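Participant: I have a structure here, written as structure tokens, and I will follow up with some questions on it.
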Amino acid sequence: MRANSSLPVKLLVCAFALLQLISACQMSSKFENIKFSSFKWLNEPSQWSLTNDVLEVRTENKTDFWQGTWYNFYFNSGHVYGVELKEDFTLEILIEADFETLYDQAGLMIYVDEKHWLKAGMEYNDGQSMISSVLTNENSDWGTGVYPGNPKKFWLRLTKVGAVVCVKYSVDGITWTLLRLGPFPIAEKYFVGPMCCTPQREGLTAKFSGLTLRQPDEDILHSN
């Protein structure tokens with residue numbers, strides 16, 4: 001009887017697939033144990049509430065995140081309700097707010113420290129609400145685009161895999177459009193969650209609901 005030389009290879013493949021499955025199950029279980037109510041504030045506002053996993057925030061004046069570029073000012077005062085993560089993740093949320101004053105903004109943020117972070121969402125600029133993202137690596141950049149839906153209600157997805165972040169938005173929570181794909185610093189941990197700021201006023205009311213936190217898809221760029 002001839003020995004099946006391919007058997008050890010098949011066993012290794014099966015063992016590797018089993019380890020991947022176990023790892024995915026452990027990761028999924030870990031995210032399931034993270035509740036919205038366990039998030040913590042960076043720059044807690046004086047008025048906010050969390051009821052039935054719906055976060056409502058009223059912003060304070062002169063709140064923002066920005067480092068230097070063009071304006072030559074430095075802000076690290078925006079409101080972020082976040083959780084510390086060490087592993088790769090995908091975070092999705094529904095955001096509702098009435099943007100009406102220059103630089104009113106609400107969205108999601110991944111934050112390492114004052115000089116290394118990304119925020120993305122809706123921001124009021126040049127008389128209209130624009131889909132927007134800012135990546136800061138020592139200094140801040142900024143990019144905006146015309147939002148094709150109702151800017152008072154939009155969905156946002158933030159994913160980190162390794163040294164890459166991917167941000168997508170949706171007008172209906174079903175079909176997702178790429179906003180940004182870019183490099184991001186490797187760190188021991190990341191502070192991640194809903195963000196809102198109003199540099200020129202107080203009183204923007206932002207509502208965040210439908211939060212989901214999960215393991216990233218295999219193809220974060222083209223998966224819907």
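Ordering of the structure tokens sets the chain letters (A, B, ...); residue numbers start at 1 within each chain; ligands are numbered from 1 in the order shown.
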For His222 (chain A), find every residue with an atom within 10 Å (counting only C-alpha atoms), except residues of its own chain fewer than 4 positions away, and show them as a PyMOL selection string.
Facilitator: chain A and resi 176-178+217-218
Participant: If we count only C-alpha atoms and set the cut-off at 10 Å, which residues sit around region 68-77 of chain A, ignoring sequence neighbours fewer than 3 positions away in its own chain? Please answer as a CSV table (one decimal) with all heavy atoms, in the first residue's frame.
Facilitator:
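Listed below is the output, around.csv:
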```csv
chain,number,residue,atom,x,y,z
A,42,LEU,N,-13.4,61.4,26.0
A,42,LEU,CA,-12.3,62.3,25.9
A,42,LEU,C,-12.9,63.7,25.7
A,42,LEU,O,-13.6,64.0,24.8
A,42,LEU,CB,-11.4,62.0,24.7
A,42,LEU,CG,-10.3,63.0,24.3
A,42,LEU,CD1,-9.3,63.1,25.4
A,42,LEU,CD2,-9.7,62.6,23.0
A,43,ASN,N,-12.7,64.6,26.7
A,43,ASN,CA,-13.3,65.9,26.7
A,43,ASN,C,-14.8,65.8,26.8
A,43,ASN,O,-15.6,66.2,25.9
A,43,ASN,CB,-12.9,66.7,25.5
A,43,ASN,CG,-11.4,66.9,25.3
A,43,ASN,OD1,-10.7,67.1,26.2
A,43,ASN,ND2,-11.0,66.8,24.0
A,44,GLU,N,-15.3,65.4,28.0
A,44,GLU,CA,-16.7,65.2,28.2
A,44,GLU,C,-17.5,66.5,28.2
A,44,GLU,O,-17.1,67.4,28.8
A,44,GLU,CB,-16.9,64.5,29.6
A,44,GLU,CG,-18.3,64.2,29.9
A,44,GLU,CD,-18.5,63.5,31.3
A,44,GLU,OE1,-17.4,63.2,31.9
A,44,GLU,OE2,-19.6,63.3,31.7
A,60,GLU,N,-20.0,71.9,23.2
A,60,GLU,CA,-19.6,73.1,23.8
A,60,GLU,C,-18.8,74.0,22.9
A,60,GLU,O,-18.3,73.5,21.8
A,60,GLU,CB,-18.8,72.8,25.1
A,60,GLU,CG,-19.6,72.0,26.1
A,60,GLU,CD,-18.9,71.8,27.4
A,60,GLU,OE1,-17.7,72.2,27.5
A,60,GLU,OE2,-19.5,71.1,28.3
A,61,ASN,N,-18.7,75.2,23.2
A,61,ASN,CA,-18.0,76.2,22.3
A,61,ASN,C,-16.5,76.0,22.2
A,61,ASN,O,-15.9,75.4,23.2
A,61,ASN,CB,-18.3,77.6,22.8
A,61,ASN,CG,-17.9,78.7,21.8
A,61,ASN,OD1,-17.8,78.4,20.6
A,61,ASN,ND2,-17.7,79.9,22.2
A,62,LYS,N,-15.9,76.3,21.1
A,62,LYS,CA,-14.5,76.3,20.9
A,62,LYS,C,-13.9,74.8,21.1
A,62,LYS,O,-12.9,74.6,21.7
A,62,LYS,CB,-13.7,77.2,21.8
A,62,LYS,CG,-14.1,78.7,21.5
A,62,LYS,CD,-13.3,79.7,22.4
A,62,LYS,CE,-13.7,81.1,22.1
A,62,LYS,NZ,-13.0,82.1,23.0
A,63,THR,N,-14.7,73.9,20.6
A,63,THR,CA,-14.3,72.5,20.6
A,63,THR,C,-13.9,72.1,19.2
A,63,THR,O,-14.6,72.3,18.2
A,63,THR,CB,-15.4,71.6,21.1
A,63,THR,OG1,-16.6,71.9,20.4
A,63,THR,CG2,-15.6,71.8,22.6
A,64,ASP,N,-12.7,71.4,19.1
A,64,ASP,CA,-12.2,71.0,17.8
A,64,ASP,C,-11.0,70.1,17.9
A,64,ASP,O,-10.4,70.0,19.0
A,64,ASP,CB,-11.8,72.2,16.9
A,64,ASP,CG,-11.8,71.9,15.4
A,64,ASP,OD1,-12.1,70.8,15.0
A,64,ASP,OD2,-11.4,72.8,14.7
A,65,PHE,N,-10.6,69.4,16.8
A,65,PHE,CA,-9.4,68.7,16.7
A,65,PHE,C,-8.7,69.2,15.5
A,65,PHE,O,-9.2,69.1,14.4
A,65,PHE,CB,-9.6,67.2,16.6
A,65,PHE,CG,-10.1,66.5,17.8
A,65,PHE,CD1,-11.4,66.2,18.0
A,65,PHE,CD2,-9.2,66.2,18.9
A,65,PHE,CE1,-11.9,65.6,19.1
A,65,PHE,CE2,-9.7,65.6,20.0
A,65,PHE,CZ,-11.0,65.3,20.2
A,80,VAL,N,-15.2,63.2,22.2
A,80,VAL,CA,-15.1,61.8,21.7
A,80,VAL,C,-15.6,60.8,22.8
A,80,VAL,O,-15.0,60.8,23.9
A,80,VAL,CB,-13.7,61.4,21.2
A,80,VAL,CG1,-13.8,60.0,20.5
A,80,VAL,CG2,-13.1,62.4,20.3
A,113,ASP,N,-2.9,59.9,20.0
A,113,ASP,CA,-2.6,61.0,20.9
A,113,ASP,C,-2.9,62.3,20.1
A,113,ASP,O,-3.4,62.3,19.0
A,113,ASP,CB,-1.1,60.9,21.3
A,113,ASP,CG,-0.1,60.9,20.1
A,113,ASP,OD1,-0.3,61.6,19.1
A,113,ASP,OD2,0.9,60.1,20.2
A,114,GLU,N,-2.5,63.4,20.7
A,114,GLU,CA,-2.8,64.7,20.2
A,114,GLU,C,-2.3,65.0,18.8
A,114,GLU,O,-2.9,65.7,18.0
A,114,GLU,CB,-2.3,65.8,21.1
A,114,GLU,CG,-2.7,67.2,20.8
A,114,GLU,CD,-2.2,68.2,21.9
A,114,GLU,OE1,-1.8,67.8,23.0
A,114,GLU,OE2,-2.3,69.4,21.6
A,115,LYS,N,-1.2,64.3,18.4
A,115,LYS,CA,-0.6,64.5,17.1
A,115,LYS,C,-0.9,63.4,16.1
A,115,LYS,O,-0.4,63.5,15.0
A,115,LYS,CB,0.9,64.6,17.3
A,115,LYS,CG,1.4,65.8,18.1
A,115,LYS,CD,1.2,67.1,17.4
A,115,LYS,CE,1.8,68.3,18.1
A,115,LYS,NZ,1.7,69.5,17.4
A,136,THR,N,-4.3,63.4,10.8
A,136,THR,CA,-3.3,64.1,11.5
A,136,THR,C,-2.1,63.2,11.8
A,136,THR,O,-2.3,62.2,12.6
A,136,THR,CB,-3.8,64.8,12.7
A,136,THR,OG1,-4.7,65.8,12.3
A,136,THR,CG2,-2.6,65.5,13.5
A,138,GLU,N,1.3,64.5,13.1
A,138,GLU,CA,2.0,65.7,13.5
A,138,GLU,C,1.2,66.9,13.0
A,138,GLU,O,0.9,67.8,13.8
A,138,GLU,CB,3.5,65.7,12.9
A,138,GLU,CG,4.3,64.6,13.4
A,138,GLU,CD,4.5,64.6,14.9
A,138,GLU,OE1,4.5,65.7,15.5
A,138,GLU,OE2,4.8,63.5,15.5
A,139,ASN,N,1.0,67.1,11.7
A,139,ASN,CA,0.1,68.2,11.2
A,139,ASN,C,-1.1,67.6,10.5
A,139,ASN,O,-1.1,66.4,10.1
A,139,ASN,CB,0.9,69.0,10.2
A,139,ASN,CG,2.1,69.7,10.8
A,139,ASN,OD1,1.9,70.6,11.7
A,139,ASN,ND2,3.3,69.4,10.4
A,140,SER,N,-2.2,68.4,10.4
A,140,SER,CA,-3.5,68.0,9.9
A,140,SER,C,-3.6,68.3,8.4
A,140,SER,O,-3.2,69.3,7.9
A,140,SER,CB,-4.6,68.7,10.7
A,140,SER,OG,-4.6,68.4,12.0
A,141,ASP,N,-4.3,67.3,7.7
A,141,ASP,CA,-4.8,67.6,6.4
A,141,ASP,C,-6.3,67.7,6.5
A,141,ASP,O,-6.9,67.5,7.5
A,141,ASP,CB,-4.3,66.6,5.4
A,141,ASP,CG,-4.9,65.2,5.5
A,141,ASP,OD1,-6.0,65.1,6.2
A,141,ASP,OD2,-4.4,64.3,4.9
A,142,TRP,N,-6.9,68.0,5.3
A,142,TRP,CA,-8.4,68.1,5.3
A,142,TRP,C,-8.9,67.9,3.9
A,142,TRP,O,-8.4,68.5,3.0
A,142,TRP,CB,-8.8,69.5,5.9
A,142,TRP,CG,-10.3,69.7,6.0
A,142,TRP,CD1,-11.3,68.7,6.2
A,142,TRP,CD2,-11.0,70.9,6.0
A,142,TRP,NE1,-12.5,69.2,6.4
A,142,TRP,CE2,-12.4,70.6,6.2
A,142,TRP,CE3,-10.6,72.2,5.9
A,142,TRP,CZ2,-13.4,71.6,6.3
A,142,TRP,CZ3,-11.6,73.2,6.0
A,142,TRP,CH2,-13.0,72.9,6.2
A,197,CYS,N,-17.8,68.3,17.3
A,197,CYS,CA,-17.1,69.5,17.7
A,197,CYS,C,-17.9,70.7,17.1
A,197,CYS,O,-18.5,70.6,16.0
A,197,CYS,CB,-15.7,69.5,17.1
A,197,CYS,SG,-14.7,68.1,17.3
A,198,THR,N,-17.7,71.8,17.7
A,198,THR,CA,-18.2,73.1,17.2
A,198,THR,C,-17.2,74.2,17.6
A,198,THR,O,-17.3,74.8,18.6
A,198,THR,CB,-19.6,73.4,17.7
A,198,THR,OG1,-19.7,73.2,19.1
A,198,THR,CG2,-20.7,72.6,17.0
A,199,PRO,N,-16.3,74.5,16.7
A,199,PRO,CA,-15.2,75.5,17.0
A,199,PRO,C,-15.8,76.9,17.2
A,199,PRO,O,-15.2,77.7,17.9
A,199,PRO,CB,-14.3,75.5,15.8
A,199,PRO,CG,-14.6,74.1,15.2
A,199,PRO,CD,-16.0,73.8,15.4
```
Participant: Mind pulling up the distance from CA of Val112 (chain A) to CA of Asn52 (chain A)?
Facilitator: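 CA of Val112 (chain A) lies at a distance of 28.6 Å from CA of Asn52 (chain A).
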Participant: Contacts of Lys168 (chain A) at 10 Å or less, counting only C-alpha atoms, minus same-chain residues fewer than 6 places along, as number ranges by chain?
Facilitator: A: 92, 120-121, 155-159, 175-181, 220-221, 224
Participant: May I ask which of the residues A:Ser209, A:Gln200, A:Ser223, A:Ser46 is the closest one to Tyr124 (chain A), counting only C-alpha atoms?
Facilitator: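 Selected residue with least distance to Tyr124 (chain A): A:Gln200.
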Participant: Which residue gives the smallest distance to Phe31 (chain A) among A:Leu94, A:Leu135, A:Met130, A:Leu85, with only C-alpha atoms counted?
Facilitator: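 The closest residue to Phe31 (chain A) is A:Leu85.
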Participant: Considering only helix (DSSP H, G or I) as DSSP defines it on the backbone, what residues of region 21-205 of chain A qualify? List them as a list in words.
Facilitator: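 Selecting the helix (DSSP H, G or I) positions of region 21-205 of chain A gives Leu21, Ile22, Ser23, Ala24, Cys25, Gln26, Met27, Ser28, Ser29, Lys30, Phe31, Glu32, Phe36, Ser37 and Ser38 of chain A.
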